[in-house]
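**Student:** Just so it is clear, I am handing over query-v3.pdb, which has PDB, C-alpha atoms, pLDDT in the B column.
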```pdb
ATOM      1  CA  LEU X  76      14.836 -47.898  34.461  1.00 69.00           C
ATOM      2  CA  THR X  77      12.338 -49.849  32.399  1.00 78.00           C
ATOM      3  CA  ASN X  78      13.009 -49.759  28.632  1.00 85.00           C
ATOM      4  CA  SER X  79      16.174 -47.715  29.206  1.00 91.00           C
ATOM      5  CA  THR X  80      19.909 -48.312  29.200  1.00 91.00           C
ATOM      6  CA  GLY X  81      20.177 -46.115  32.275  1.00 91.00           C
ATOM      7  CA  ILE X  82      22.699 -43.331  32.499  1.00 94.00           C
ATOM      8  CA  VAL X  83      26.187 -44.561  31.654  1.00 96.00           C
ATOM      9  CA  HIS X  84      29.364 -42.603  32.491  1.00 98.00           C
ATOM     10  CA  GLU X  85      32.610 -43.724  30.869  1.00 98.00           C
ATOM     11  CA  ALA X  86      36.138 -42.395  30.453  1.00 98.00           C
ATOM     12  CA  ALA X  87      38.530 -42.808  27.548  1.00 98.00           C
ATOM     13  CA  ALA X  88      42.059 -41.811  26.560  1.00 98.00           C
ATOM     14  CA  VAL X  89      44.235 -42.009  23.453  1.00 98.00           C
ATOM     15  CA  GLN X  90      47.514 -40.550  22.213  1.00 97.00           C
ATOM     16  CA  THR X  91      48.023 -39.090  18.733  1.00 97.00           C
ATOM     17  CA  THR X  92      51.386 -38.409  17.096  1.00 96.00           C
ATOM     18  CA  ASP X  93      50.310 -36.930  13.776  1.00 95.00           C
ATOM     19  CA  ALA X  94      47.416 -35.195  12.012  1.00 94.00           C
ATOM     20  CA  THR X  95      45.532 -38.359  11.035  1.00 92.00           C
ATOM     21  CA  ALA X  96      41.820 -37.510  11.034  1.00 90.00           C
ATOM     22  CA  ASP X  97      39.282 -39.470  13.056  1.00 92.00           C
ATOM     23  CA  VAL X  98      41.480 -41.368  15.506  1.00 97.00           C
ATOM     24  CA  THR X  99      39.136 -43.269  17.827  1.00 97.00           C
ATOM     25  CA  LEU X 100      39.101 -41.967  21.408  1.00 98.00           C
ATOM     26  CA  TYR X 101      35.955 -43.954  22.334  1.00 98.00           C
ATOM     27  CA  SER X 102      33.746 -46.542  20.641  1.00 98.00           C
ATOM     28  CA  LYS X 103      30.449 -48.168  21.642  1.00 97.00           C
ATOM     29  CA  THR X 104      28.363 -50.737  19.804  1.00 96.00           C
ATOM     30  CA  LEU X 105      24.755 -49.545  19.778  1.00 96.00           C
ATOM     31  CA  ALA X 106      22.032 -52.001  20.748  1.00 95.00           C
ATOM     32  CA  ASP X 107      19.476 -52.779  18.066  1.00 94.00           C
ATOM     33  CA  ASP X 108      16.160 -50.870  18.214  1.00 95.00           C
ATOM     34  CA  THR X 109      17.552 -48.264  20.633  1.00 96.00           C
ATOM     35  CA  VAL X 110      17.978 -44.488  20.488  1.00 97.00           C
ATOM     36  CA  TYR X 111      20.694 -42.762  22.519  1.00 98.00           C
ATOM     37  CA  VAL X 112      21.949 -39.322  23.385  1.00 98.00           C
ATOM     38  CA  PHE X 113      25.700 -38.949  23.936  1.00 98.00           C
ATOM     39  CA  ASP X 114      27.339 -36.017  25.741  1.00 98.00           C
ATOM     40  CA  VAL X 115      31.122 -35.807  25.689  1.00 98.00           C
ATOM     41  CA  LEU X 116      33.758 -33.567  27.209  1.00 98.00           C
ATOM     42  CA  VAL X 117      37.205 -33.962  25.652  1.00 98.00           C
ATOM     43  CA  THR X 118      40.477 -32.275  26.475  1.00 98.00           C
ATOM     44  CA  CYS X 119      44.033 -32.654  25.237  1.00 98.00           C
ATOM     45  CA  ARG X 120      47.577 -31.402  25.758  1.00 98.00           C
ATOM     46  CA  ASP X 121      50.719 -32.019  23.779  1.00 97.00           C
ATOM     47  CA  THR X 122      53.713 -33.412  25.647  1.00 96.00           C
ATOM     48  CA  ALA X 123      55.678 -30.159  25.105  1.00 95.00           C
ATOM     49  CA  GLY X 124      52.870 -28.126  26.667  1.00 94.00           C
ATOM     50  CA  THR X 125      52.387 -25.777  23.700  1.00 95.00           C
ATOM     51  CA  GLU X 126      49.144 -27.151  22.230  1.00 96.00           C
ATOM     52  CA  ARG X 127      45.925 -27.747  24.138  1.00 97.00           C
ATOM     53  CA  ALA X 128      42.208 -27.956  23.447  1.00 98.00           C
ATOM     54  CA  ALA X 129      38.842 -28.691  25.023  1.00 98.00           C
ATOM     55  CA  TYR X 130      35.539 -29.673  23.419  1.00 98.00           C
ATOM     56  CA  SER X 131      31.922 -30.321  24.373  1.00 98.00           C
ATOM     57  CA  ARG X 132      29.832 -32.334  21.911  1.00 98.00           C
ATOM     58  CA  ARG X 133      26.330 -33.866  21.915  1.00 98.00           C
ATOM     59  CA  VAL X 134      24.536 -36.120  19.426  1.00 98.00           C
ATOM     60  CA  ARG X 135      21.532 -38.402  19.108  1.00 98.00           C
ATOM     61  CA  ALA X 136      22.346 -41.803  17.643  1.00 98.00           C
ATOM     62  CA  HIS X 137      20.178 -44.799  16.890  1.00 97.00           C
ATOM     63  CA  ARG X 138      20.176 -48.270  15.407  1.00 95.00           C
ATOM     64  CA  GLU X 139      16.966 -49.838  14.091  1.00 94.00           C
ATOM     65  CA  SER X 140      16.029 -53.286  12.808  1.00 90.00           C
ATOM     66  CA  SER X 141      19.585 -54.662  12.786  1.00 86.00           C
ATOM     67  CA  GLY X 142      20.690 -51.696  10.663  1.00 91.00           C
ATOM     68  CA  VAL X 143      23.825 -49.624  11.001  1.00 95.00           C
ATOM     69  CA  ALA X 144      24.341 -46.854  13.539  1.00 96.00           C
ATOM     70  CA  VAL X 145      22.969 -43.478  12.421  1.00 97.00           C
ATOM     71  CA  LEU X 146      23.955 -40.070  13.826  1.00 97.00           C
ATOM     72  CA  GLY X 147      21.616 -37.132  14.281  1.00 97.00           C
ATOM     73  CA  THR X 148      22.816 -33.533  14.232  1.00 97.00           C
ATOM     74  CA  ILE X 149      26.093 -33.021  16.098  1.00 97.00           C
ATOM     75  CA  GLU X 150      25.904 -30.123  18.528  1.00 98.00           C
ATOM     76  CA  ALA X 151      29.324 -28.538  19.009  1.00 97.00           C
ATOM     77  CA  SER X 152      28.548 -26.248  21.939  1.00 96.00           C
ATOM     78  CA  TYR X 153      32.138 -25.589  23.035  1.00 98.00           C
ATOM     79  CA  THR X 154      35.468 -25.503  21.212  1.00 98.00           C
ATOM     80  CA  ASP X 155      38.634 -23.974  22.651  1.00 98.00           C
ATOM     81  CA  GLU X 156      41.871 -24.877  20.873  1.00 97.00           C
ATOM     82  CA  THR X 157      45.334 -23.435  20.336  1.00 97.00           C
ATOM     83  CA  ASP X 158      45.502 -24.891  16.816  1.00 96.00           C
ATOM     84  CA  THR X 159      42.486 -25.040  14.485  1.00 96.00           C
ATOM     85  CA  GLY X 160      43.812 -28.291  13.001  1.00 96.00           C
ATOM     86  CA  LEU X 161      42.919 -30.117  16.210  1.00 97.00           C
ATOM     87  CA  ASP X 162      39.392 -31.523  16.280  1.00 97.00           C
ATOM     88  CA  CYS X 163      36.838 -33.690  18.057  1.00 98.00           C
ATOM     89  CA  THR X 164      33.662 -35.095  16.510  1.00 97.00           C
ATOM     90  CA  PHE X 165      31.373 -38.133  16.349  1.00 98.00           C
ATOM     91  CA  THR X 166      31.704 -40.746  13.600  1.00 97.00           C
ATOM     92  CA  VAL X 167      30.135 -44.147  12.947  1.00 96.00           C
ATOM     93  CA  SER X 168      31.499 -47.483  11.822  1.00 95.00           C
ATOM     94  CA  THR X 169      28.810 -50.060  11.070  1.00 95.00           C
ATOM     95  CA  ASN X 170      27.085 -50.640  14.468  1.00 96.00           C
ATOM     96  CA  ASP X 171      29.445 -48.425  16.475  1.00 97.00           C
ATOM     97  CA  ILE X 172      29.403 -44.768  17.441  1.00 97.00           C
ATOM     98  CA  ARG X 173      32.833 -43.237  17.912  1.00 98.00           C
ATOM     99  CA  VAL X 174      34.256 -40.126  19.486  1.00 98.00           C
ATOM    100  CA  SER X 175      37.026 -39.241  17.051  1.00 97.00           C
ATOM    101  CA  VAL X 176      39.909 -36.805  17.445  1.00 98.00           C
ATOM    102  CA  THR X 177      42.465 -35.260  15.110  1.00 97.00           C
ATOM    103  CA  GLY X 178      45.949 -34.420  16.340  1.00 97.00           C
ATOM    104  CA  LYS X 179      48.782 -32.381  14.831  1.00 96.00           C
ATOM    105  CA  ALA X 180      51.618 -33.468  12.545  1.00 96.00           C
ATOM    106  CA  GLY X 181      54.861 -34.209  14.363  1.00 95.00           C
ATOM    107  CA  THR X 182      53.232 -33.614  17.763  1.00 96.00           C
ATOM    108  CA  THR X 183      52.483 -36.123  20.531  1.00 97.00           C
ATOM    109  CA  ILE X 184      49.123 -35.224  22.068  1.00 97.00           C
ATOM    110  CA  ASN X 185      47.420 -36.927  25.011  1.00 98.00           C
ATOM    111  CA  TRP X 186      43.610 -36.911  24.797  1.00 98.00           C
ATOM    112  CA  ALA X 187      41.101 -37.663  27.566  1.00 98.00           C
ATOM    113  CA  GLY X 188      37.333 -37.815  27.434  1.00 98.00           C
ATOM    114  CA  LYS X 189      34.267 -38.212  29.641  1.00 98.00           C
ATOM    115  CA  ILE X 190      31.341 -39.824  27.843  1.00 98.00           C
ATOM    116  CA  THR X 191      27.786 -39.825  29.222  1.00 98.00           C
ATOM    117  CA  SER X 192      25.004 -41.679  27.445  1.00 97.00           C
ATOM    118  CA  ILE X 193      21.425 -42.750  27.971  1.00 97.00           C
ATOM    119  CA  GLY X 194      19.330 -44.907  25.677  1.00 96.00           C
ATOM    120  CA  ALA X 195      15.659 -45.746  25.210  1.00 96.00           C
ATOM    121  CA  GLU X 196      14.599 -49.099  23.749  1.00 92.00           C
TER     122      GLU X 196
END
```
Could you write out this file's structure as structure tokens?
**Tutor:**
Amino acid sequence: LTNSTGIVHEAAAVQTTDATADVTLYSKTLADDTVYVFDVLVTCRDTAGTERAAYSRRVRAHRESSGVAVLGTIEASYTDETDTGLDCTFTVSTNDIRVSVTGKAGTTINWAGKITSIGAE
């Protein structure tokens, strides 16, 4: 596709063992002078089988003129969780967009995500 990143499908996984906020499940460095839309599906389960969650999130992100990554409005269209302390959201770090998750104190949780993105230059 001319002037496009094409559609990119990626998978990611991480394990949390506490309630630290914004643990990185996925990270991507955004190309300069490009706008993207990211769609993610994330699910998790603790190793004891008592906690579980699933999330669907969407956001526009861009990076202009060698600047930092900027997020648009995060659409949280689906949240289903057994504990409201669990979470999934988008964050940025300099030139990177991240899918970030929050686990539960004293609980080992396995997270998995499917990330779809497309960008226009």
**Student:** Which of these, X:Thr77, X:Thr122, X:Gln90, X:Asn170, has the shortest distance to Ala106 of chain X once you count only C-alpha atoms?
**Tutor:**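 Ranked by minimum distance to Ala106 of chain X, first place goes to X:Asn170.
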**Student:** Suppose a student applies the PyMOL selection byres ((chain X and resi 128) around 7) to this structure; what residues should they get, written as a tab-separated table (two decimals) with C-alpha atoms, in the coordinates of the input?
**Tutor:**
```
chain	number	residue	atom	x	y	z
X	118	THR	CA	40.48	-32.28	26.48
X	119	CYS	CA	44.03	-32.65	25.24
X	120	ARG	CA	47.58	-31.40	25.76
X	127	ARG	CA	45.92	-27.75	24.14
X	129	ALA	CA	38.84	-28.69	25.02
X	130	TYR	CA	35.54	-29.67	23.42
X	155	ASP	CA	38.63	-23.97	22.65
X	156	GLU	CA	41.87	-24.88	20.87
X	157	THR	CA	45.33	-23.44	20.34
```
**Student:** Have a look at atom CA of Asp107 of chain X and atom CA of Val143 of chain X and let me know their distance in Å, one decimal.
**Tutor:**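 For atom CA of Asp107 of chain X relative to atom CA of Val143 of chain X, the distance reads 8.9 Å.
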**Student:** Restricting the calculation to all atoms listed in the file, which member of X:Arg173, X:Cys163, X:Trp186, X:Thr95 is positioned closest to Leu146 of chain X?
**Tutor:**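 That would be X:Arg173, the residue with the smallest distance to Leu146 of chain X.
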**Student:** Determine, counting all atoms listed in the file, every residue of protein, DNA or RNA that lies within 10 Å of (30.7, -48.0, 20.1) in the file coordinates, then give the result as a list of chain:residue names.
**Tutor:**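 Final list of nearby residues, as requested, is X:Thr99, X:Tyr101, X:Ser102, X:Lys103, X:Thr104, X:Leu105, X:Ala106, X:Ala144, X:Thr166, X:Val167, X:Ser168, X:Thr169, X:Asn170, X:Asp171, X:Ile172, X:Arg173, X:Val174.
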**Student:** Go through X:Asp114, X:Asp108, X:Asp97, X:Glu126 and flag the residue nearest Ser140 of chain X, using all atoms listed in the file for the distances.
**Tutor:**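 Nearest candidate to Ser140 of chain X out of X:Asp114, X:Asp108, X:Asp97, X:Glu126: X:Asp108.
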**Student:** For Ile149 of chain X, which residue among X:Arg135, X:Lys179, X:Lys189, X:His84 is the nearest when counting only C-alpha atoms?
**Tutor:** X:Arg135
**Student:** Neighbourhood query: residues within 6 Å of (33.5, -34.0, 28.3), file coordinates, counting all atoms listed in the file; return as a list in words.
**Tutor:**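 Output of the proximity query reads Val115, Leu116, Val117, Ser131, Gly188 and Lys189 of chain X.
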**Student:** Expressed in Å to a single decimal, how great is the separation between atom CA of Val112 of chain X and atom CA of Thr191 of chain X?
**Tutor:**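 Value for the atom CA of Val112 of chain X-atom CA of Thr191 of chain X distance: 8.3 Å.
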**Student:** Running the PyMOL selection byres ((chain X and resi 196) around 8) on this model by hand, what would come out? Give it as a PDB file with C-alpha atoms, in the frame of the given file.
**Tutor:**
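What ended up in result_12.pdb:
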```pdb
ATOM      1  CA  ASN X  78      13.009 -49.759  28.632  1.00 85.00           C
ATOM      2  CA  SER X  79      16.174 -47.715  29.206  1.00 91.00           C
ATOM      3  CA  THR X  80      19.909 -48.312  29.200  1.00 91.00           C
ATOM      4  CA  ASP X 108      16.160 -50.870  18.214  1.00 95.00           C
ATOM      5  CA  THR X 109      17.552 -48.264  20.633  1.00 96.00           C
ATOM      6  CA  VAL X 110      17.978 -44.488  20.488  1.00 97.00           C
ATOM      7  CA  GLY X 194      19.330 -44.907  25.677  1.00 96.00           C
ATOM      8  CA  ALA X 195      15.659 -45.746  25.210  1.00 96.00           C
TER       9      ALA X 195
END
```
**Student:** Quick one: apply the PyMOL selection byres ((chain X and resi 82) around 6) to the file and drop the selected residues here as a list in words.
**Tutor:**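 Written out, the selection comes to Gly81, Val83, Ser192 and Ile193 of chain X.
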**Student:** Name the closest residue to Ala187 of chain X among the candidates X:Ser175, X:Thr125, X:Asp93, X:Thr148; distances are taken between atoms, counting all atoms listed in the file.
**Tutor:**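 Using all atoms listed in the file, Ala187 of chain X sits closest to X:Ser175.
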